[in-house]
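Enquirer: Below is the file query.cif, with mmCIF, C-alpha atoms.
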```cif
data_coords
loop_
_atom_site.label_atom_id
_atom_site.label_comp_id
_atom_site.auth_asym_id
_atom_site.auth_seq_id
_atom_site.Cartn_x
_atom_site.Cartn_y
_atom_site.Cartn_z
CA PRO A 169 102.71 123.57 82.93
CA ALA A 170 101.98 126.53 85.17
CA GLY A 171 98.70 126.36 87.07
CA ALA A 172 98.64 122.56 87.36
CA ALA A 173 99.19 122.51 91.16
CA ARG A 174 102.43 120.57 90.76
CA ARG A 175 103.74 121.93 94.07
CA ASP A 176 100.68 120.54 95.88
CA VAL A 177 101.26 117.10 94.32
CA LEU A 178 104.92 117.07 95.37
CA ALA A 179 104.04 118.31 98.85
CA ALA A 180 101.50 115.50 99.27
CA LEU A 181 104.04 112.97 98.02
CA LEU A 182 106.68 114.15 100.49
CA GLY A 183 104.38 114.93 103.40
CA LEU A 184 105.34 118.63 103.45
CA ALA A 185 103.46 121.92 103.46
CA PRO A 186 103.32 123.26 99.88
CA GLU A 187 104.86 126.60 100.88
CA ARG A 188 108.08 124.80 101.86
CA LEU A 189 108.59 123.93 98.20
CA ALA A 190 108.16 127.50 96.94
CA VAL A 191 110.99 128.92 94.82
CA PRO A 192 111.20 132.01 92.57
CA PRO A 193 109.92 131.58 88.99
CA GLY A 194 112.61 130.07 86.79
CA SER A 195 114.50 128.43 89.67
CA TRP A 196 115.08 124.70 90.03
CA LEU A 197 114.43 122.93 93.33
CA LEU A 198 116.34 119.93 94.67
CA VAL A 199 114.78 118.12 97.64
CA ASP A 200 117.00 115.58 99.40
CA HIS A 201 117.22 113.76 102.73
CA ALA A 202 118.98 114.95 105.88
CA ARG A 203 118.32 114.64 109.59
CA VAL A 204 118.31 118.41 109.97
CA SER A 205 116.29 120.50 107.54
CA THR A 206 118.31 123.06 105.57
CA ARG A 207 117.66 125.38 102.64
CA ALA A 208 120.25 127.05 100.44
CA ALA A 209 120.02 129.16 97.29
CA TYR A 210 122.68 129.07 94.59
CA VAL A 211 122.85 132.46 92.89
CA PRO A 212 124.71 133.02 89.60
CA GLY A 213 127.98 134.86 90.19
CA TYR A 214 128.47 133.56 93.75
CA ARG A 215 130.50 130.49 94.69
CA GLN A 216 128.94 129.99 98.10
CA PRO A 217 125.23 129.28 98.64
CA HIS A 218 122.99 131.80 100.35
CA ALA A 219 120.57 131.19 103.19
CA TYR A 220 117.09 131.31 101.74
CA ALA A 221 113.47 131.15 102.87
CA PRO A 222 110.42 131.41 100.59
CA ASP A 223 108.97 134.20 102.73
CA GLY A 224 112.18 136.26 102.70
CA SER A 225 112.82 135.74 106.42
CA ALA A 226 116.25 134.12 106.01
CA ALA A 227 119.15 135.77 107.77
CA GLY A 228 121.78 137.54 105.71
CA PRO A 229 121.68 139.93 102.75
CA ALA A 230 118.86 139.84 100.23
CA LEU A 231 119.57 137.86 97.08
CA ALA A 232 120.97 140.06 94.33
CA ARG A 233 119.49 137.80 91.64
CA PRO A 234 117.00 134.95 91.56
CA PRO A 235 118.77 131.68 92.42
CA ARG A 236 119.51 129.23 89.67
CA ARG A 237 118.56 126.46 92.07
CA VAL A 238 117.39 126.01 95.64
CA GLU A 239 118.43 122.95 97.64
CA LEU A 240 116.13 121.78 100.43
CA THR A 241 116.87 118.90 102.80
CA VAL A 242 114.20 117.37 105.02
CA ALA A 243 113.97 114.35 107.32
CA GLU A 244 111.52 112.49 105.07
CA PRO A 245 112.27 108.72 104.97
CA LEU A 246 111.05 108.46 101.37
CA LEU A 247 113.95 110.68 100.28
CA ARG A 248 116.47 108.11 101.50
CA ARG A 249 115.60 106.19 98.33
CA PHE A 250 115.61 109.04 95.83
CA ALA A 251 115.89 112.81 95.49
CA VAL A 252 113.27 115.04 93.86
CA VAL A 253 114.18 117.70 91.28
CA ASP A 254 111.38 120.16 90.52
CA THR A 255 111.85 122.14 87.31
CA PRO A 256 110.51 125.53 86.29
CA ASP A 257 107.16 125.48 84.50
CA THR A 258 107.37 124.22 80.93
CA GLY A 259 106.39 127.65 79.64
CA THR A 260 109.58 129.17 81.10
CA LEU A 261 111.85 126.13 80.91
CA GLY A 262 113.36 127.11 77.56
CA LEU A 263 115.63 125.10 75.28
CA ALA A 264 118.56 124.98 77.69
CA GLY A 265 116.29 124.02 80.56
CA GLY A 266 114.75 121.26 78.48
CA ARG A 267 118.18 119.80 77.82
CA LEU A 268 118.99 119.91 81.53
CA LEU A 269 115.71 118.17 82.30
CA LEU A 270 116.36 115.42 79.77
CA ASP A 271 119.85 114.91 81.19
CA ALA A 272 118.48 114.71 84.73
CA VAL A 273 115.72 112.29 83.70
CA GLY A 274 118.24 110.11 81.89
CA ARG A 275 120.37 109.82 85.01
CA ALA A 276 117.48 109.60 87.47
CA GLY A 277 115.37 107.12 85.55
CA ALA A 278 111.96 108.66 86.20
CA LEU A 279 109.80 111.67 85.31
CA LEU A 280 106.64 112.86 87.05
CA PHE A 281 104.54 115.15 84.83
CA VAL A 282 101.64 117.08 86.35
CA ILE A 283 98.86 118.61 84.24
CA ALA A 284 95.45 120.00 85.19
CA ALA A 285 92.11 118.69 83.95
CA ASP A 286 91.36 121.87 82.00
CA GLN A 287 94.80 122.07 80.35
CA ALA A 288 96.04 120.49 77.14
CA PHE A 289 99.54 119.32 76.23
CA THR A 290 101.34 122.03 74.27
CA ALA A 291 103.51 121.29 71.25
CA ALA A 292 106.63 121.96 73.34
CA GLU A 293 105.45 119.56 76.04
CA ARG A 294 104.64 116.85 73.50
CA HIS A 295 108.10 117.26 72.00
CA LEU A 296 109.72 117.06 75.44
CA LEU A 297 107.75 113.94 76.37
CA ALA A 298 108.60 112.35 73.03
CA GLU A 299 112.28 112.80 73.91
CA VAL A 300 111.68 111.15 77.28
CA ALA A 301 109.76 108.31 75.61
CA GLY A 302 112.90 107.48 73.65
CA SER A 303 114.83 106.86 76.86
CA SER A 304 114.60 104.09 79.45
CA ALA A 305 113.04 106.42 82.05
CA GLU A 306 109.76 105.54 83.73
CA VAL A 307 107.05 108.17 83.17
CA PHE A 308 104.25 108.97 85.61
CA VAL A 309 101.50 111.47 84.81
CA VAL A 310 99.28 113.02 87.47
CA VAL A 311 96.13 114.89 86.43
CA THR A 312 94.88 117.46 88.95
CA PRO A 313 91.45 119.11 89.12
CA GLY A 314 91.30 122.27 87.03
CA LEU A 315 89.70 125.56 87.99
CA SER A 316 86.33 124.02 87.17
CA GLY A 317 87.05 120.70 88.83
CA TRP A 318 87.09 117.54 86.72
CA ALA A 319 85.94 119.20 83.51
CA ALA A 320 88.18 118.48 80.54
CA PRO A 321 88.62 120.94 77.66
CA PRO A 322 86.10 120.22 74.88
CA ALA A 323 87.56 117.89 72.26
CA PRO A 324 86.63 117.70 68.55
CA ALA A 325 84.01 115.03 67.88
CA ASP A 326 86.38 112.93 65.76
CA SER A 327 89.40 113.16 68.08
CA PRO A 328 90.87 110.10 69.89
CA GLU A 329 90.06 111.56 73.29
CA SER A 330 86.39 112.16 72.43
CA THR A 331 86.12 108.56 71.22
CA GLU A 332 87.61 107.23 74.45
CA LEU A 333 85.33 109.43 76.54
CA ALA A 334 82.31 108.09 74.65
CA GLU A 335 83.44 104.51 75.31
CA LEU A 336 83.86 105.30 79.01
CA ALA A 337 80.45 106.94 79.24
CA GLY A 338 78.61 104.05 77.61
CA PRO A 339 74.86 104.46 77.04
CA PRO A 340 73.45 107.92 77.85
CA GLU A 341 71.42 106.52 80.75
CA LEU A 342 74.69 105.52 82.47
CA ALA A 343 76.46 108.83 81.97
CA GLY A 344 75.91 109.87 85.58
CA ALA A 345 77.80 106.79 86.80
CA VAL A 346 81.06 107.71 85.07
CA ASP A 347 83.93 108.68 87.35
CA PRO A 348 84.70 112.28 86.21
CA ALA A 349 88.35 112.08 87.27
CA GLY A 350 88.85 108.76 85.50
CA ALA A 351 87.20 110.10 82.34
CA VAL A 352 89.46 113.16 82.28
CA VAL A 353 92.56 111.03 82.82
CA ALA A 354 91.50 108.76 79.95
CA ALA A 355 90.93 111.76 77.68
CA HIS A 356 94.33 113.26 78.48
CA ARG A 357 96.01 109.91 77.98
CA ALA A 358 94.35 109.40 74.59
CA ALA A 359 95.36 112.90 73.48
CA LEU A 360 98.98 112.37 74.48
CA LEU A 361 99.28 108.88 72.99
CA ALA A 362 97.93 110.17 69.68
CA ALA A 363 101.02 112.40 69.52
CA VAL A 364 103.51 110.31 71.53
CA PRO A 365 102.64 106.60 71.16
CA GLY A 366 105.94 105.68 72.81
CA LEU A 367 104.41 106.58 76.18
CA ALA A 368 101.88 103.74 76.13
CA ARG A 369 103.52 102.24 79.24
CA ALA A 370 103.37 105.47 81.25
CA ARG A 371 101.31 105.26 84.43
CA TRP A 372 98.50 107.76 85.00
CA TYR A 373 96.89 108.91 88.25
CA PRO A 374 94.16 111.41 89.14
CA ALA A 375 94.98 113.68 92.08
CA ARG A 376 92.08 113.60 94.50
CA PRO A 377 92.87 116.24 97.18
CA ASP A 378 89.51 115.78 98.90
CA ASP A 379 89.93 112.03 99.39
CA THR A 380 90.80 110.83 102.90
#
```
Here is a file; write its structure as structure tokens.

Expert:
Amino acid sequence: PAGAARRDVLAALLGLAPERLAVPPGSWLLVDHARVSTRAAYVPGYRQPHAYAPDGSAAGPALARPPRRVELTVAEPLLRRFAVVDTPDTGTLGLAGGRLLLDAVGRAGALLFVIAADQAFTAAERHLLAEVAGSSAEVFVVVTPGLSGWAAPPAPADSPESTELAELAGPPELAGAVDPAGAVVAAHRAALLAAVPGLARARWYPARPDDT
């Protein structure tokens, strides 16, 4: 989803500045390995790629249309083992984009889903993840701090996530000892598994940008 700081998570994973991963809304990003860093934009209607920079400083004519995809190569050793495909936000992905994502996940074997602490899985996202759960792909979910930090959206008292939060909190006198990030991750996991039980084996991680 938009606003989940997915670019920051990918940048931390790849050891890059987040602005290097910036692409126009609706564009896909492919990050691969090469000794020399390059960036090219593939614009609908043109056979050859265009030089492209996120800040518009690339040489050559301005892009007539937003690129369908941007390909970035960097000398990051991790990318010798796999390539990273970053999709548009789920709110703008659309039906066709969802099919492309499922095809890519099926061939790649893994999906990294990033959601913020103060966000909830939408019906479209639950449906998409249910499709992924039916494949052999590994699923990883990263929960990032929301605008209010590690504060989860309020859950109904009888919901699975509220029950799991209560179990994590334990007696009221121990409430201050609960790891806020861990509690939010547990709540998000319970909410998703209630709708998509096939993701029970997915691995969950809190993003802790302030940790050293």

Enquirer: For the file shown, report as an mmCIF file with C-alpha atoms, in the frame of the given file the outcome of the PyMOL selection byres ((chain A and resi 314) around 6) at residue level.

Expert:
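Contents of selection36.cif, as written:
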```cif
data_model
loop_
_atom_site.group_PDB
_atom_site.id
_atom_site.type_symbol
_atom_site.label_atom_id
_atom_site.label_comp_id
_atom_site.auth_asym_id
_atom_site.auth_seq_id
_atom_site.Cartn_x
_atom_site.Cartn_y
_atom_site.Cartn_z
ATOM 1 C CA ALA A 284 95.450 120.000 85.190
ATOM 2 C CA ALA A 285 92.110 118.690 83.950
ATOM 3 C CA ASP A 286 91.360 121.870 82.000
ATOM 4 C CA PRO A 313 91.450 119.110 89.120
ATOM 5 C CA LEU A 315 89.700 125.560 87.990
ATOM 6 C CA SER A 316 86.330 124.020 87.170
ATOM 7 C CA GLY A 317 87.050 120.700 88.830
#
```

Enquirer: Return the single residue from A:Gly266, A:Gly194, A:Pro235, A:Pro348 that is closest to Tyr214 in chain A, with distances computed using all atoms listed in the file.

Expert: A:Pro235

Enquirer: CA of Tyr373 in chain A to CA of Gly259 in chain A: how many Å, to one decimal?

Expert: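 Computing the Euclidean distance for CA of Tyr373 in chain A and CA of Gly259 in chain A yields 22.7 Å.
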
Enquirer: Give me the residues near His218 in chain A as a PDB file with C-alpha atoms, keeping the file's coordinate frame, where near means some atom within 7 Å (using only C-alpha atoms) and where sequence neighbours in that chain fewer than 4 positions away do not count.

Expert:
```pdb
ATOM      1  CA  ALA A 208     120.250 127.050 100.440  1.00  0.00           C
ATOM      2  CA  ALA A 209     120.020 129.160  97.290  1.00  0.00           C
ATOM      3  CA  TYR A 210     122.680 129.070  94.590  1.00  0.00           C
TER       4      TYR A 210
END
```

Enquirer: With all atoms listed in the file as the basis for distance, which of A:Thr206, A:Thr241, A:Thr260, A:Thr255 is at the shortest distance from Leu280 in chain A?

Expert: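 Checking each candidate against Leu280 in chain A, we get A:Thr255 as the closest.
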
Enquirer: Closest to Ala221 in chain A among A:Ala355, A:Leu189, A:Leu246, A:Ala251, using all atoms listed in the file?

Expert: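 Going through A:Ala355, A:Leu189, A:Leu246, A:Ala251 one by one, the smallest distance to Ala221 in chain A is for A:Leu189.
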
Enquirer: Using the chain letters and numbering of this document, enumerate as a PDB file with C-alpha atoms, keeping the file's coordinate frame the residues selected by the PyMOL selection byres ((chain A and resi 350) around 10).

Expert:
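Generated output (result-v7.pdb):
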```pdb
ATOM      1  CA  VAL A 311      96.130 114.890  86.430  1.00  0.00           C
ATOM      2  CA  TRP A 318      87.090 117.540  86.720  1.00  0.00           C
ATOM      3  CA  LEU A 333      85.330 109.430  76.540  1.00  0.00           C
ATOM      4  CA  LEU A 336      83.860 105.300  79.010  1.00  0.00           C
ATOM      5  CA  VAL A 346      81.060 107.710  85.070  1.00  0.00           C
ATOM      6  CA  ASP A 347      83.930 108.680  87.350  1.00  0.00           C
ATOM      7  CA  PRO A 348      84.700 112.280  86.210  1.00  0.00           C
ATOM      8  CA  ALA A 349      88.350 112.080  87.270  1.00  0.00           C
ATOM      9  CA  ALA A 351      87.200 110.100  82.340  1.00  0.00           C
ATOM     10  CA  VAL A 352      89.460 113.160  82.280  1.00  0.00           C
ATOM     11  CA  VAL A 353      92.560 111.030  82.820  1.00  0.00           C
ATOM     12  CA  ALA A 354      91.500 108.760  79.950  1.00  0.00           C
ATOM     13  CA  ALA A 355      90.930 111.760  77.680  1.00  0.00           C
ATOM     14  CA  HIS A 356      94.330 113.260  78.480  1.00  0.00           C
ATOM     15  CA  TRP A 372      98.500 107.760  85.000  1.00  0.00           C
ATOM     16  CA  TYR A 373      96.890 108.910  88.250  1.00  0.00           C
ATOM     17  CA  PRO A 374      94.160 111.410  89.140  1.00  0.00           C
TER      18      PRO A 374
END
```

Enquirer: Go ahead and compute the interatomic distance for CA of Val199 in chain A and CA of Leu182 in chain A, in Å to one decimal.

Expert: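 Computing the Euclidean distance for CA of Val199 in chain A and CA of Leu182 in chain A yields 9.5 Å.
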
Enquirer: Which is closer to Val177 in chain A than all the others in A:Ala276, A:Val282, A:Ala370, A:Ala190, using only C-alpha atoms?

Expert: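 Among the listed residues, A:Val282 lies closest to Val177 in chain A.
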
Enquirer: Would you compute the distance between CA of Gly265 in chain A and CA of His201 in chain A? Give it in Å to one decimal.

Expert: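 Rounded to one decimal, the two atoms are 24.4 Å apart.
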
Enquirer: Within 8 Å of Pro234 in chain A, counting all atoms listed in the file, which residues qualify if same-chain residues fewer than 6 places away don't, as a list in words?

Expert: Pro192, Ser195 and Val211 of chain A

Enquirer: Near Leu367 in chain A, within 10 Å and counting all atoms listed in the file, which residues show up once chain neighbours fewer than 6 positions away are dropped, as a PyMOL selection string?

Expert: chain A and resi 297-298+300-302+306-308+357+360-361

Enquirer: Determine, counting only C-alpha atoms, which protein, DNA and RNA residues have an atom within 12 Å of an atom of Glu244 in chain A; residues of the same chain fewer than 4 positions away are not included. Present the result as an NGL selection string.

Expert: :A and (179-184 or 199-205 or 240 or 248-252)

Enquirer: Quick one: which residues end up in the PyMOL selection byres ((chain A and resi 289) around 9) for this structure, as a list in words?

Expert: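 Against this file, the PyMOL selection byres ((chain A and resi 289) around 9) returns the residues Pro169, Ile283, Gln287, Ala288, Thr290, Ala291, Ala292, Glu293, Arg294, His356, Ala359 and Leu360 of chain A.
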
Enquirer: Can you tell me, as AutoDock Vina command-line options, the centre and edge lengths (Å, one decimal) of the axis-aligned box enclosing all of range 208-219 of chain A's listed atoms after padding each side by 8 Å?

Expert:
```
--center_x 125.3 --center_y 131.0 --center_z 96.4 --size_x 26.5 --size_y 23.8 --size_z 29.6
```

Enquirer: Model the absent atoms of range 260-274 of chain A so that N, CA, C and O atoms are present, and write the result as a compact mmCIF listing (two decimals), in the frame of the given file.

Expert:
```txt
# COMPACT_ATOMS: atom_id res chain seq x y z
N THR A 260 108.37 128.37 80.87
CA THR A 260 109.58 129.17 81.10
C THR A 260 110.84 128.32 81.11
O THR A 260 111.92 128.84 81.33
N LEU A 261 110.70 127.03 80.86
CA LEU A 261 111.85 126.13 80.91
C LEU A 261 112.89 126.47 79.85
O LEU A 261 114.09 126.50 80.13
N GLY A 262 112.44 126.74 78.63
CA GLY A 262 113.36 127.11 77.56
C GLY A 262 114.12 125.92 77.00
O GLY A 262 114.07 124.80 77.53
N LEU A 263 114.88 126.16 75.94
CA LEU A 263 115.63 125.10 75.28
C LEU A 263 116.72 124.54 76.18
O LEU A 263 116.87 123.33 76.32
N ALA A 264 117.48 125.43 76.81
CA ALA A 264 118.56 124.98 77.69
C ALA A 264 118.01 124.21 78.88
O ALA A 264 118.54 123.18 79.27
N GLY A 265 116.90 124.71 79.44
CA GLY A 265 116.29 124.02 80.56
C GLY A 265 115.75 122.65 80.18
O GLY A 265 115.84 121.70 80.96
N GLY A 266 115.23 122.55 78.96
CA GLY A 266 114.75 121.26 78.48
C GLY A 266 115.86 120.25 78.36
O GLY A 266 115.69 119.07 78.70
N ARG A 267 117.03 120.71 77.92
CA ARG A 267 118.18 119.80 77.82
C ARG A 267 118.64 119.35 79.20
O ARG A 267 119.00 118.18 79.40
N LEU A 268 118.63 120.29 80.16
CA LEU A 268 118.99 119.91 81.53
C LEU A 268 118.01 118.89 82.09
O LEU A 268 118.40 117.93 82.76
N LEU A 269 116.72 119.10 81.82
CA LEU A 269 115.71 118.17 82.30
C LEU A 269 115.92 116.79 81.71
O LEU A 269 115.88 115.78 82.43
N LEU A 270 116.16 116.71 80.41
CA LEU A 270 116.36 115.42 79.77
C LEU A 270 117.60 114.72 80.32
O LEU A 270 117.60 113.50 80.51
N ASP A 271 118.65 115.49 80.60
CA ASP A 271 119.85 114.91 81.19
C ASP A 271 119.56 114.36 82.58
O ASP A 271 119.99 113.26 82.94
N ALA A 272 118.81 115.14 83.37
CA ALA A 272 118.48 114.71 84.73
C ALA A 272 117.60 113.47 84.70
O ALA A 272 117.79 112.53 85.48
N VAL A 273 116.61 113.45 83.80
CA VAL A 273 115.72 112.29 83.70
C VAL A 273 116.50 111.05 83.27
O VAL A 273 116.28 109.95 83.78
N GLY A 274 117.44 111.24 82.35
CA GLY A 274 118.24 110.11 81.89
C GLY A 274 119.06 109.49 83.00
O GLY A 274 119.23 108.27 83.06
```
